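Enquirer: Sharing start.cif here; it has mmCIF, C-alpha atoms; chains and numbers go by the auth columns.
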```
data_entry
loop_
_atom_site.group_PDB
_atom_site.id
_atom_site.type_symbol
_atom_site.label_atom_id
_atom_site.label_comp_id
_atom_site.label_asym_id
_atom_site.label_seq_id
_atom_site.Cartn_x
_atom_site.Cartn_y
_atom_site.Cartn_z
_atom_site.B_iso_or_equiv
_atom_site.auth_seq_id
_atom_site.auth_asym_id
ATOM 1 C CA MET A 1 54.111 4.760 76.947 0.00 1 A
ATOM 2 C CA SER A 2 51.734 6.824 79.039 0.00 2 A
ATOM 3 C CA ASP A 3 50.496 9.797 77.036 0.00 3 A
ATOM 4 C CA ALA A 4 50.037 11.899 80.173 0.00 4 A
ATOM 5 C CA SER A 5 53.508 10.984 81.411 0.00 5 A
ATOM 6 C CA THR A 6 55.105 11.837 78.051 0.00 6 A
ATOM 7 C CA HIS A 7 53.142 15.102 77.857 0.00 7 A
ATOM 8 C CA ASP A 8 54.360 16.044 81.342 0.00 8 A
ATOM 9 C CA ARG A 9 57.969 15.221 80.411 0.00 9 A
ATOM 10 C CA ILE A 10 57.734 17.343 77.258 0.00 10 A
ATOM 11 C CA ASP A 11 56.096 20.172 79.185 0.00 11 A
ATOM 12 C CA ALA A 12 58.963 20.129 81.683 0.00 12 A
ATOM 13 C CA LEU A 13 61.531 20.121 78.861 0.00 13 A
ATOM 14 C CA VAL A 14 59.830 23.012 77.049 0.00 14 A
ATOM 15 C CA ARG A 15 59.910 25.068 80.235 0.00 15 A
ATOM 16 C CA SER A 16 63.454 24.033 81.230 0.00 16 A
ATOM 17 C CA ASP A 17 65.112 26.909 79.366 0.00 17 A
ATOM 18 C CA ASP A 18 64.205 30.094 77.489 0.00 18 A
ATOM 19 C CA VAL A 19 65.010 28.497 74.125 0.00 19 A
ATOM 20 C CA VAL A 20 64.445 24.782 73.557 0.00 20 A
ATOM 21 C CA LEU A 21 64.864 22.942 70.266 0.00 21 A
ATOM 22 C CA PHE A 22 63.498 19.453 69.688 0.00 22 A
ATOM 23 C CA MET A 23 65.653 18.158 66.868 0.00 23 A
ATOM 24 C CA LYS A 24 67.139 15.107 65.213 0.00 24 A
ATOM 25 C CA GLY A 25 70.717 14.878 66.426 0.00 25 A
ATOM 26 C CA THR A 26 72.639 17.475 68.386 0.00 26 A
ATOM 27 C CA ARG A 27 73.730 21.055 67.807 0.00 27 A
ATOM 28 C CA ASP A 28 77.195 19.782 66.859 0.00 28 A
ATOM 29 C CA PHE A 29 75.944 16.907 64.710 0.00 29 A
ATOM 30 C CA PRO A 30 72.422 17.482 63.352 0.00 30 A
ATOM 31 C CA GLN A 31 70.973 14.308 61.855 0.00 31 A
ATOM 32 C CA CYS A 32 68.762 16.048 59.286 0.00 32 A
ATOM 33 C CA GLY A 33 68.990 19.118 57.121 0.00 33 A
ATOM 34 C CA PHE A 34 65.934 20.760 58.663 0.00 34 A
ATOM 35 C CA SER A 35 67.389 20.519 62.165 0.00 35 A
ATOM 36 C CA ALA A 36 70.691 21.865 60.817 0.00 36 A
ATOM 37 C CA VAL A 37 68.947 24.965 59.414 0.00 37 A
ATOM 38 C CA VAL A 38 67.404 25.855 62.782 0.00 38 A
ATOM 39 C CA VAL A 39 70.655 25.205 64.645 0.00 39 A
ATOM 40 C CA LYS A 40 72.501 27.435 62.175 0.00 40 A
ATOM 41 C CA ALA A 41 70.030 30.284 62.675 0.00 41 A
ATOM 42 C CA LEU A 42 70.367 30.079 66.451 0.00 42 A
ATOM 43 C CA LYS A 43 74.160 29.879 66.240 0.00 43 A
ATOM 44 C CA LEU A 44 74.327 32.857 63.873 0.00 44 A
ATOM 45 C CA LEU A 45 72.366 34.828 66.466 0.00 45 A
ATOM 46 C CA ASP A 46 74.712 33.578 69.202 0.00 46 A
ATOM 47 C CA GLN A 47 71.593 32.336 70.977 0.00 47 A
ATOM 48 C CA PRO A 48 72.067 29.813 73.787 0.00 48 A
ATOM 49 C CA PHE A 49 69.566 26.972 73.595 0.00 49 A
ATOM 50 C CA THR A 50 68.812 23.554 74.972 0.00 50 A
ATOM 51 C CA GLU A 51 68.649 20.805 72.387 0.00 51 A
ATOM 52 C CA ILE A 52 66.552 17.686 72.818 0.00 52 A
ATOM 53 C CA ASN A 53 67.634 14.872 70.502 0.00 53 A
ATOM 54 C CA VAL A 54 64.358 13.114 69.662 0.00 54 A
ATOM 55 C CA LEU A 55 66.266 10.204 68.129 0.00 55 A
ATOM 56 C CA GLU A 56 67.255 9.135 71.656 0.00 56 A
ATOM 57 C CA ASP A 57 63.662 8.728 72.891 0.00 57 A
ATOM 58 C CA PRO A 58 60.829 7.436 70.662 0.00 58 A
ATOM 59 C CA ASP A 59 58.199 8.573 73.181 0.00 59 A
ATOM 60 C CA ILE A 60 59.476 12.154 73.044 0.00 60 A
ATOM 61 C CA ARG A 61 59.845 11.954 69.248 0.00 61 A
ATOM 62 C CA GLU A 62 56.178 11.047 68.794 0.00 62 A
ATOM 63 C CA GLY A 63 54.864 12.898 71.837 0.00 63 A
ATOM 64 C CA VAL A 64 56.246 16.290 70.839 0.00 64 A
ATOM 65 C CA LYS A 65 54.240 16.099 67.613 0.00 65 A
ATOM 66 C CA ALA A 66 51.016 15.802 69.608 0.00 66 A
ATOM 67 C CA TYR A 67 52.175 18.351 72.200 0.00 67 A
ATOM 68 C CA ALA A 68 52.298 21.177 69.652 0.00 68 A
ATOM 69 C CA ASN A 69 49.916 19.617 67.144 0.00 69 A
ATOM 70 C CA TRP A 70 52.824 19.927 64.691 0.00 70 A
ATOM 71 C CA GLN A 71 53.801 16.779 62.831 0.00 71 A
ATOM 72 C CA THR A 72 57.395 17.570 61.901 0.00 72 A
ATOM 73 C CA ILE A 73 60.696 17.970 63.684 0.00 73 A
ATOM 74 C CA PRO A 74 62.537 20.240 64.440 0.00 74 A
ATOM 75 C CA GLN A 75 60.311 22.233 66.779 0.00 75 A
ATOM 76 C CA LEU A 76 61.479 25.448 68.411 0.00 76 A
ATOM 77 C CA TYR A 77 60.071 26.777 71.687 0.00 77 A
ATOM 78 C CA VAL A 78 60.838 30.202 73.127 0.00 78 A
ATOM 79 C CA ARG A 79 59.889 30.892 76.744 0.00 79 A
ATOM 80 C CA GLY A 80 57.550 27.903 76.761 0.00 80 A
ATOM 81 C CA GLU A 81 55.709 28.875 73.569 0.00 81 A
ATOM 82 C CA PHE A 82 55.853 26.915 70.319 0.00 82 A
ATOM 83 C CA VAL A 83 57.424 29.014 67.556 0.00 83 A
ATOM 84 C CA GLY A 84 57.479 26.591 64.633 0.00 84 A
ATOM 85 C CA GLY A 85 59.564 24.288 62.527 0.00 85 A
ATOM 86 C CA CYS A 86 62.319 24.773 59.999 0.00 86 A
ATOM 87 C CA ASP A 87 60.474 26.848 57.391 0.00 87 A
ATOM 88 C CA ILE A 88 58.901 29.170 59.948 0.00 88 A
ATOM 89 C CA VAL A 89 62.170 29.670 61.817 0.00 89 A
ATOM 90 C CA ARG A 90 64.019 30.340 58.541 0.00 90 A
ATOM 91 C CA GLU A 91 61.409 32.906 57.459 0.00 91 A
ATOM 92 C CA MET A 92 61.464 34.560 60.881 0.00 92 A
ATOM 93 C CA TYR A 93 65.270 34.714 60.796 0.00 93 A
ATOM 94 C CA GLU A 94 65.307 36.253 57.309 0.00 94 A
ATOM 95 C CA SER A 95 62.690 38.869 58.243 0.00 95 A
ATOM 96 C CA GLY A 96 64.335 39.759 61.565 0.00 96 A
ATOM 97 C CA GLU A 97 61.306 38.535 63.519 0.00 97 A
ATOM 98 C CA LEU A 98 63.280 35.740 65.195 0.00 98 A
ATOM 99 C CA GLN A 99 65.899 38.202 66.435 0.00 99 A
ATOM 100 C CA THR A 100 63.126 40.405 67.864 0.00 100 A
ATOM 101 C CA LEU A 101 61.415 37.460 69.564 0.00 101 A
ATOM 102 C CA LEU A 102 64.633 36.220 71.117 0.00 102 A
ATOM 103 C CA ALA A 103 65.570 39.708 72.310 0.00 103 A
ATOM 104 C CA GLN A 104 62.284 40.196 74.192 0.00 104 A
ATOM 105 C CA LYS A 105 62.450 39.826 77.926 0.00 105 A
ATOM 106 C CA GLU A 106 60.342 37.300 79.820 0.00 106 A
ATOM 107 C CA GLY A 107 56.763 38.468 80.092 0.00 107 A
ATOM 108 C CA SER A 108 57.037 41.166 77.429 0.00 108 A
ATOM 109 C CA ALA A 109 55.953 38.964 74.518 0.00 109 A
ATOM 110 C CA GLN A 110 52.782 40.172 72.930 0.00 110 A
ATOM 111 C CA SER A 111 50.154 37.568 72.173 0.00 111 A
#
```
The structure in this file should be written as structure tokens.
Expert:
Amino acid sequence: MSDASTHDRIDALVRSDDVVLFMKGTRDFPQCGFSAVVVKALKLLDQPFTEINVLEDPDIREGVKAYANWQTIPQLYVRGEFVGGCDIVREMYESGELQTLLAQKEGSAQS
């Protein structure tokens, strides 16, 4: 595995859609409870998203951890920015912050 090559692949995946979820399994068949929680939140919000099944590619599975400096999966990205994992997404959903973030238009996110 080339770290630069894997980083570039992940970068392209993160930027491939407005909402990208690196997860174990697929939206229809999550392979872990944490991934299932994030999928459920996105589905409840009727939010389209691209899922990347890290179980299909060990380089992506390990590389995405270094990419965000976040050691667990799932990992949610919105408009190219890392949002967080299961606990953060669940808290954001419960507080309404996730809905607000997803509703923002490109370029209007405040940093």
Enquirer: Skipping near chain neighbours, those fewer than 3 positions away, what residues fall within 8 Å of Asn53 of chain A using only C-alpha atoms, listed as a ChimeraX atom specification?
Expert: /A:22-26,56-57
Enquirer: Which of these, A:Tyr93, A:Gln75, A:Ala103, A:Arg15, has the shortest distance to Leu44 of chain A once you count all atoms listed in the file?
Expert: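 Nearest to Leu44 of chain A: A:Tyr93.
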Enquirer: Of the residues A:Val54, A:Ile10, A:Ala4, A:Leu102, which is the one nearest to Ala68 of chain A, using all atoms listed in the file?
Expert: A:Ile10
Enquirer: Using only C-alpha atoms, which protein or nucleic acid residues come within 12 Å of Val39 of chain A? Drop anything in the same chain fewer than 5 positions from it, and give the result as a ChimeraX atom specification.
Expert: /A:19-34,44-52,74-76,85-86,89-90,93
Enquirer: Work out how far atom CA of Leu98 of chain A is from atom CA of Val83 of chain A, in Å to one decimal.
Expert: 9.2 Å
Enquirer: What is the atom CA of Ser95 of chain A to atom CA of Lys43 of chain A distance in Å?
Expert: 16.6 Å
Enquirer: Please determine, counting only C-alpha atoms, which residue among A:Val64, A:Asn69, A:Met92, A:Leu55 has the shortest atom-to-atom distance to Leu13 of chain A.
Expert: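 Going through A:Val64, A:Asn69, A:Met92, A:Leu55 one by one, the smallest distance to Leu13 of chain A is for A:Val64.
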Enquirer: Out of A:His7, A:Gln99, A:Val14, A:Gln104, which residue has the shortest atom-to-atom distance to Phe82 of chain A when counting only C-alpha atoms?
Expert: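 Ranked by minimum distance to Phe82 of chain A, first place goes to A:Val14.
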Enquirer: May I ask which of the residues A:Ala41, A:Gly63, A:Gln71, A:Arg9 is the closest one to Glu91 of chain A, counting all atoms listed in the file?
Expert: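 Closest to Glu91 of chain A of all the choices is A:Ala41.
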Enquirer: Extending 8 Å beyond the listed atoms of segment 83-100 of chain A on each side, what axis-aligned box results? I want centre and edge lengths in Å to one decimal, as AutoDock Vina command-line options.
Expert:
```
--center_x 61.7 --center_y 32.3 --center_z 62.6 --size_x 24.5 --size_y 32.1 --size_z 26.6
```
Enquirer: Separation of atom CA of Asp59 of chain A and atom CA of Glu81 of chain A, in Å?
Expert: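 Here the two named atoms are 20.5 Å from each other.
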Enquirer: Have a look at A:Leu101, A:Ala66, A:Val78, A:Ile73 and name the one nearest to Thr6 of chain A; count only C-alpha atoms.
Expert: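 Result for the nearest residue to Thr6 of chain A: A:Ala66.
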